[in-house]
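Here the structure is laid out as structure tokens; the discussion comes afterwards.
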Amino acid sequence: QTKTGIALLYDEVSENAYDIRLKLTKEVLTIQKQDVVCVSGSDHSANHRTVTLRRQPVGGLGLSIKGGAEHKVPVVISKIFKNQAAEQTGMLFIGDAIIQVNGINVENATHEEVVHLLRNAGDEVTITVQYLREAPSFLKLPLGSPGPSSDHSSGTSSPLFDSGLHLNGNSTNTAPSSPSSPIANEPKYEKRWLDTLSVPLSMARISRYKTGTDKLRSNAFEVLALDGVSTGILQFYTAQESADWLRAMSTNISDLTLQNMKMANKCCSPSDQVIHMGWVNERLEGTDSSQLYKFKFLALKGSSFYIFSTPPVSTLDWVRAEKIYNLCEVLFKIHKLWLADDCWLQANLYLGIHQDFDLEDQRPYCFSVMVGHGKSHYFNVELGSELAVWEKSFQRAIFLEVQRTGSKTYMCSWQGDTLCFTVDFALGFTCFDSKTKNVLWRFKFSQLKGSSDDGKTRVKLLFQNLDTKQIETKELEFQDLTAVLHCIHSFIAAKVASVDPIFIDSQSIARKYMYSN
């Protein structure tokens with residue numbers, strides 16, 4: 001199904017916006033601009049058309065103009081009046097820039113100068129025009145075909161208001177002139193929407209923010225293809241239109257990503273499947289540069305969580321990731337959700353999630369992935385639905401990895417002894433001597449009643465003895481304590497999910513709050 005609609009293309013350098021038409025298919029977003037094309041007859045100069053107008057006693061030249069050099073735009077035809085001289089030629093269109101009047105170049109002329117020339121050009125006026133494909137939106141040129149108008153211009157003219165040249169001007173001829181009608185073998189022209197840029201949506205990314213900043217564009221976003229080609233800033237007339245197009249494009253990009261995943265999974269073993277992948281923005285911590293965020297491509301595949309600067313397109317690309325983490329040793333947390341209108345929900349305030357980040361940025365839909373050695377990655381996505389998908393995908397990928405792995409063993413020490421600590425999906429926790437392999441203690445997951453750590457290497461685990469009901473404290477030291485704590489969390493969550501999947505679903509922050517809204 002193809003979606004089409006009118007939008008504006010915003011130029012950040014000139015700060016002008018131009019009318020465009022968008023055409024969205026499953027695989028491609030096409031940007032179209034209006035142009036005048038020759039549809040029949042011999043067209044010697046495709047760009048320039050030279051037309052002779054005969055001034056009529058009633059209606060004059062039958063057109064109005066806008067623009068001028070004082071506004072850094074050429075003078076353009078802004079209205080064409082029905083059944084009058086300009087329309088009868090069949091060769092002039094709203095949006096045509098006037099290049100010459102009776103052989104005099106007016107490309108750099110002011111509005112008043114062109115009005116004066118046209119009004120004093122006599123009964124036969126020869127004008128050369130070229131369609132202005134990027135007419136700034138401030139000219140407010142109608143996009144449709146010419147229609148009747150009740151415009152009657154005053155004597156004074158303004159570059160941003162129509163100067164009517166359908167008045168008589170300085171005509172010396174009192175007899176009615178013959179109409180300016182097209183000659184039979186002259187070329188015929190039509191105004192059409194022409195494709196100017198096609199952006200493939202496979203692995204494309206969308207941004208509503210000014211590059212690298214927290215500044216949200218109003219009713220606007222940019223689409224960037226895998227090869228870096230950009231649509232430019234697409235601006236919409238209403239917030240609703242912007243949201244509809246954003247959703248439609250995101251859906252098509254997601255569908256194509258799913259196809260790419262299926263293709264990739266055909267070449268991978270069952271234990272190394274891609275669960276989810278897609279673009280996010282990563283917040284750059286501790287940087288003085290103006291770039292607060294950078295695009296990253298994340299993937300959950302097999303036993304690992306990957307962070308790429310560009311998406312993996314071949315099997316060889318998977319080893320080129322910037323970072324690779326074991327899924328059992330990461331912790332996914334939602335930080336920010338956008339509720340109705342301007343109401344924030346910060347997960348740490350309402351849902352008891354610990355928060356170490358400075359959340360002064362204005363981006364909604366944020367999550368972090370905490371990794372080993374106390375480090376974290378802080379990400380943001382464009383839509384609440386994407387946040388919900390990432391939450392569910394991390395959960396699923398971690399649970400699958402726990403069930404596949406079955407157990408993880410870490411070297412640790414206590415009071416000078418080198419020990420091994422095992423987290424086992426079936427048995428729970430076991431601690432044994434690394435040399436003799438003698439088991440020192442073993443507890444089920446359900447016996448773990450609490451824990452505390454020094455934030456560095458040491459942890460206290462509190463277990464309840466099943467016979468005495470007393471709490472037993474076990475202290476251990478690990479080289480990478482964070483990874484071990486995340487692993488314990490992953491195994492317990494997977495255990496709960498295997499026993500009570502509905503409970504895990506009910507704990508989904510993103511789905512709970514996104515879909516209730």
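Each chain of the structure tokens is named A, B, ... in the order shown, its residues numbered from 1; ligands are numbered from 1 in display order.
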
Skipping near chain neighbours, those fewer than 5 positions away, what residues fall within 8 Å of A:Phe421 using only C-alpha atoms, listed as a list in words?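 So, after excluding close chain neighbours, the residues are Thr409, Tyr410, Met411, Cys412, Phe429, Thr430, Cys431 and Phe432 of chain A.
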
What lies within 6 Å of stretch 192-206 of chain A using only C-alpha atoms, ignoring chain neighbours under 3 positions off, as a ChimeraX atom specification? /A:27-35,222-226,253,256

Write out as a list of chain:residue names the residues lying within 10 Å of A:Ser498, counting only C-alpha atoms and excluding same-chain residues fewer than 5 positions away.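 Counting only the stated atoms, we get A:Phe399, A:Gln403, A:Ile492, A:Ala493, A:Ile504.
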
Atom CA of A:Ala494 and atom CA of A:Glu475, how far apart in Å?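 Between these atoms lies a distance of 24.3 Å.
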
A:Val381: which residues within 8 Å, counting only C-alpha atoms, same-chain residues fewer than 3 positions away excluded, as a list in words?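 So the residues in contact are Trp279, Val280, Asn281, Pro364, Tyr365, Cys366, Gly384, Glu386 and Leu387 of chain A.
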
Just N, CA and C atoms for this one: save the residues we selected as a PDB file, in the first residue's frame.
ATOM      1  N   TRP A 279      18.130   0.637  15.036  1.00  0.00           N
ATOM      2  CA  TRP A 279      18.835   1.881  15.370  1.00  0.00           C
ATOM      3  C   TRP A 279      18.346   2.476  16.684  1.00  0.00           C
ATOM      4  N   VAL A 280      19.279   3.075  17.423  1.00  0.00           N
ATOM      5  CA  VAL A 280      18.965   3.846  18.629  1.00  0.00           C
ATOM      6  C   VAL A 280      19.907   5.049  18.638  1.00  0.00           C
ATOM      7  N   ASN A 281      19.704   5.958  19.577  1.00  0.00           N
ATOM      8  CA  ASN A 281      20.681   7.025  19.817  1.00  0.00           C
ATOM      9  C   ASN A 281      21.365   6.722  21.134  1.00  0.00           C
ATOM     10  N   PRO A 364      12.318  11.685  25.385  1.00  0.00           N
ATOM     11  CA  PRO A 364      11.524  10.613  25.989  1.00  0.00           C
ATOM     12  C   PRO A 364      12.037   9.256  25.506  1.00  0.00           C
ATOM     13  N   TYR A 365      11.415   8.173  25.953  1.00  0.00           N
ATOM     14  CA  TYR A 365      11.710   6.810  25.487  1.00  0.00           C
ATOM     15  C   TYR A 365      13.190   6.453  25.643  1.00  0.00           C
ATOM     16  N   CYS A 366      13.665   6.473  26.890  1.00  0.00           N
ATOM     17  CA  CYS A 366      15.074   6.172  27.173  1.00  0.00           C
ATOM     18  C   CYS A 366      15.206   4.867  27.952  1.00  0.00           C
ATOM     19  N   GLY A 384       7.445   5.189  21.514  1.00  0.00           N
ATOM     20  CA  GLY A 384       7.156   4.351  22.680  1.00  0.00           C
ATOM     21  C   GLY A 384       7.026   2.891  22.319  1.00  0.00           C
ATOM     22  N   GLU A 386       8.707   1.336  20.076  1.00  0.00           N
ATOM     23  CA  GLU A 386      10.064   0.779  19.920  1.00  0.00           C
ATOM     24  C   GLU A 386      10.649   0.420  21.291  1.00  0.00           C
ATOM     25  N   LEU A 387      10.380   1.276  22.278  1.00  0.00           N
ATOM     26  CA  LEU A 387      10.873   1.025  23.637  1.00  0.00           C
ATOM     27  C   LEU A 387      10.294  -0.286  24.174  1.00  0.00           C
TER      28      LEU A 387
END

Find, counting only C-alpha atoms, the residue in A:Leu476, A:Ala121, A:Ile471, A:Ala497 that gets nearest to A:Gln415.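 Comparing A:Leu476, A:Ala121, A:Ile471, A:Ala497 against A:Gln415, the winner is A:Leu476.
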
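Counting only C-alpha atoms, A:Leu284 has the following residues at most 10 Å away, ignoring those fewer than 6 positions along the same chain: Gly212, Gln291, Leu292, Tyr293, Lys294, His377, Tyr378 and Phe379 of chain A.
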
Counting only C-alpha atoms, what is within 6 Å of stretch 67-69 of chain A, bar same-chain residues fewer than 3 positions away, as a PDB file with N, CA and C atoms, in the first residue's frame?
ATOM      1  N   LYS A  72      15.404  37.745  -1.964  1.00  0.00           N
ATOM      2  CA  LYS A  72      16.327  36.676  -2.385  1.00  0.00           C
ATOM      3  C   LYS A  72      15.608  35.549  -3.118  1.00  0.00           C
ATOM      4  N   VAL A  73      14.520  35.904  -3.798  1.00  0.00           N
ATOM      5  CA  VAL A  73      13.806  34.932  -4.652  1.00  0.00           C
ATOM      6  C   VAL A  73      13.457  35.625  -5.962  1.00  0.00           C
ATOM      7  N   PRO A  74      13.377  34.855  -7.051  1.00  0.00           N
ATOM      8  CA  PRO A  74      12.961  35.476  -8.307  1.00  0.00           C
ATOM      9  C   PRO A  74      11.481  35.869  -8.255  1.00  0.00           C
ATOM     10  N   VAL A  75      11.070  36.691  -9.195  1.00  0.00           N
ATOM     11  CA  VAL A  75       9.649  37.021  -9.326  1.00  0.00           C
ATOM     12  C   VAL A  75       8.960  35.807  -9.956  1.00  0.00           C
ATOM     13  N   ASN A 108      17.491  39.213 -11.457  1.00  0.00           N
ATOM     14  CA  ASN A 108      17.901  39.873 -10.207  1.00  0.00           C
ATOM     15  C   ASN A 108      17.128  41.170  -9.972  1.00  0.00           C
ATOM     16  N   ALA A 109      15.950  41.287 -10.599  1.00  0.00           N
ATOM     17  CA  ALA A 109      15.159  42.516 -10.475  1.00  0.00           C
ATOM     18  C   ALA A 109      14.285  42.473  -9.232  1.00  0.00           C
ATOM     19  N   THR A 110      13.942  43.669  -8.740  1.00  0.00           N
ATOM     20  CA  THR A 110      13.030  43.743  -7.593  1.00  0.00           C
ATOM     21  C   THR A 110      11.602  43.537  -8.088  1.00  0.00           C
ATOM     22  N   HIS A 111      10.731  43.321  -7.140  1.00  0.00           N
ATOM     23  CA  HIS A 111       9.309  43.112  -7.446  1.00  0.00           C
ATOM     24  C   HIS A 111       8.746  44.316  -8.224  1.00  0.00           C
ATOM     25  N   PRO A 159       6.211  42.386  -2.538  1.00  0.00           N
ATOM     26  CA  PRO A 159       6.767  41.119  -3.020  1.00  0.00           C
ATOM     27  C   PRO A 159       6.102  39.886  -2.415  1.00  0.00           C
ATOM     28  N   LEU A 160       5.448  40.031  -1.245  1.00  0.00           N
ATOM     29  CA  LEU A 160       4.824  38.859  -0.636  1.00  0.00           C
ATOM     30  C   LEU A 160       3.312  38.858  -0.843  1.00  0.00           C
TER      31      LEU A 160
END

From a DSSP calculation on the backbone, collect every residue of stretch 321-456 of chain A in strand (DSSP E) and output the set as a ChimeraX atom specification. /A:323-326,331-338,344-346,366-370,376-380,407-414,417-424,428-433,439-443,448-453

Fewer than 5 positions away in the same chain doesn't count, so skip those; otherwise give me all residues within 9 Å of A:Met91, counting only C-alpha atoms, as a ChimeraX atom specification. /A:49-51,86,182,187-190

Keeping only N, CA and C atoms, write the selected residues as a compact mmCIF listing (two decimals), in the first residue's frame.
# COMPACT_ATOMS: atom_id res chain seq x y z
N ARG A 49 10.89 28.42 -21.23
CA ARG A 49 9.79 28.57 -22.18
C ARG A 49 9.62 30.05 -22.49
N THR A 50 9.53 30.38 -23.75
CA THR A 50 9.28 31.77 -24.14
C THR A 50 7.86 31.86 -24.69
N VAL A 51 7.07 32.76 -24.10
CA VAL A 51 5.64 32.86 -24.39
C VAL A 51 5.30 34.31 -24.72
N ALA A 86 -2.96 34.67 -19.99
CA ALA A 86 -1.91 33.74 -19.56
C ALA A 86 -2.38 32.29 -19.65
N PRO A 182 -2.64 28.80 -27.87
CA PRO A 182 -1.51 28.00 -28.35
C PRO A 182 -1.69 27.63 -29.82
N PRO A 187 4.70 23.08 -28.66
CA PRO A 187 4.73 22.06 -27.60
C PRO A 187 3.67 22.32 -26.53
N LYS A 188 3.17 21.23 -25.96
CA LYS A 188 2.19 21.34 -24.87
C LYS A 188 2.90 20.99 -23.56
N TYR A 189 2.53 21.73 -22.50
CA TYR A 189 3.19 21.55 -21.22
C TYR A 189 2.19 21.18 -20.14
N GLU A 190 2.68 20.46 -19.13
CA GLU A 190 1.87 20.13 -17.96
C GLU A 190 2.73 20.26 -16.72

Could you pull out the alpha helix (DSSP H) residues of stretch 219-436 of chain A, going by DSSP on the backbone, and write them as a PyMOL selection string? chain A and resi 239-266+347-350+384-405

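Using only C-alpha atoms, the nearest neighbour of A:Val114 within the list A:Arg208, A:Lys266, A:Lys437, A:Lys66 is A:Lys66.
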
Among A:Glu87, A:Asp433, A:Glu329, A:Asp500, A:Phe305 is approached most closely, using only C-alpha atoms, by A:Glu329

Among listed residues A:Val129, A:Met249, A:Val37, A:Leu9, nearest A:Gly232 (using only C-alpha atoms):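 Distance minimum relative to A:Gly232 lands on A:Leu9.
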
Which residue out of A:Phe93, A:Tyr325, A:Phe81, A:Tyr10 has the minimum interatomic distance to A:Pro136 when only C-alpha atoms are used?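 The closest residue to A:Pro136 is A:Tyr10.
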